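Chemist: Mind having a look at this structure? Questions to follow.
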Amino acid sequence: MSGRIVALAGGVGGAKLAHGLSALCGERLTVIVNTADDFEHLGLHVSPDLDTVMYTLGGIANPSTGWGISGETWNFLEQIGRLGGPGWFRLGDRDLATHVLRTQALRAGTRLTEVTDQLRNRLGILPRILPMTDASVRTVVETEEGPLAFQDYFVGRQCNVVTRGFRFEGIEAARPSPEVTAAFHDDGLAAAFLCPSNPFVSLDPILGIAGIRQSLAHCACPVIGVSPIIGGAAVKGPAAKMLRELGFDVSALTVAERYRDVLDGFVIDTVDAAMAPRISALGIHVEVMRTLMSSDADRRNLAEACLAFARRLAGD
């Protein structure tokens with residue numbers, strides 16, 4: 001598929017599909033990434049989703065976890081613990097360099113978008129990686145024990161508390177960067193993808209930024225989502241747990257319903273093929289294929305199939 005591609009992503013699943021698209025589209029791809037899970041730790045600005053996407057596209061992500069850097073060492077973290085500091089959030093020695101440089105640049109007045117662009121260039125990454133906004137937006141998880149900052153819930157508590165809802169502090173005032181706005185209004189935009197990311201804490205914050213959901217809903221090109229739910233379970237992360245605790249069916253259909261206002265097409269796994277007619281009844285075209293990405297070849301194959309689906313929807 002010629003033309004530019006936009007992908008909305010957060011977490012490991014989103015990064016994997018972005019990696020497959022990167023292999024096929026190169027500099028024609030723009031990945032817009034959730035930053036509502038950013039936080040300050042040990043005086044450093046940490047952007048977990050941005051870094052997962054950046055390390056994955058840069059070919060240096062830890063293959064066993066999907067996050068962090070391959071071959072990481074933990075001398076800094078061990079010494080922090082020895083000196084009585086907080087060791088609950090794992091900052092590796094190589095990963096630490098990213099956070100230090102990002103924090104220095106932000107304190108000097110550089111926008112997060114600009115810092116991210118500098119880092120991805122230094123890692124030799126061709127696609128653009130854009131934060132969803134340069135403003136501060138922070139996910140708060142409402143739980144049965146009270147509100148928790150996202151990283152306290154996700155890492156500190158390992159998601160072992162019942163979820164009651166979510167709020168995104170600062171989202172009302174947040175605006176997309178000029179770069180994000182330009183990506184959606186590019187005359188050469190051929191397709192937009194909602195990667196298989198957590199609908200509540202990865203995609204909802206992006207779509208909650210003023211104008212982004214509307215841009216997708218009125219996009220002239222096909223907008224295609226890929227389900228993060230396969231066979232009633234999430235491949236990785238707490239998406240299935242969150243759906244269940246909030247009273248939703250843990251299914252690809254539930255995700256399709258959540259984004260029916262922006263989707264032209266939706267990709268589901270072969271194990272969920274029986275749901276295709278119900279998703280089609282929402283007015284969404286459905287593609288059934290193997291969506292589990294266990295290897296680089298799987299990522300590329302899924303990306304190829306998604307691009308072919310977009311071509312068919314566009315009538316190319």
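Identifiers in the structure tokens: chain A, B, ... in order shown; residue index from 1 per chain; ligand index from 1 in order shown.
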Taking the DSSP assignment computed from this structure's backbone, write out as a list in words all residues of stretch 211-293 of chain A that belong to strand (DSSP E or B).
Modeler: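 Answer for stretch 211-293 of chain A, restricted to strand (DSSP E or B): Val223, Ile224, Gly225, Val226, Ile229, Ile230, Ala233, Ala234, Gly265, Phe266, Val267, Ile268, Asp269, His285, Val286, Glu287, Val288 and Met289 of chain A.
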Chemist: Rounded to one decimal place, report the atom CA of A:Leu57-atom CA of A:Ala256 distance in Å.
Modeler: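 One can read the atom CA of A:Leu57 to atom CA of A:Ala256 distance as 26.7 Å.
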Chemist: Check stretch 66-257 of chain A with DSSP on the backbone and list each residue it calls helix (DSSP H, G or I), as JSON, numbers by chain.
Modeler: {"A": [75, 76, 77, 78, 79, 80, 81, 82, 93, 94, 95, 96, 97, 98, 99, 100, 101, 102, 103, 104, 105, 106, 107, 112, 113, 114, 115, 116, 117, 118, 119, 120, 121, 122, 150, 151, 152, 153, 154, 155, 156, 178, 179, 180, 181, 182, 183, 184, 199, 200, 201, 202, 203, 204, 205, 206, 207, 208, 212, 213, 214, 215, 216, 217, 239, 240, 241, 242, 243, 244, 245, 252, 253, 254, 255, 256, 257]}
Chemist: Under the rule that only C-alpha atoms are counted, which of A:Leu106, A:Val12, A:Ala239, A:Val6 is the nearest residue to A:Trp67?
Modeler: A:Val12
Chemist: Would you compute the distance between atom CA of A:Val33 and atom CA of A:Ala308? Give it in Å to one decimal.
Modeler: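 Rounded to one decimal, the two atoms are 23.4 Å apart.
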Chemist: Counting only C-alpha atoms, which residue out of A:Gly165, A:Gly20, A:Gly156, A:Gly68 sits closest to A:Gly92?
Modeler: A:Gly68
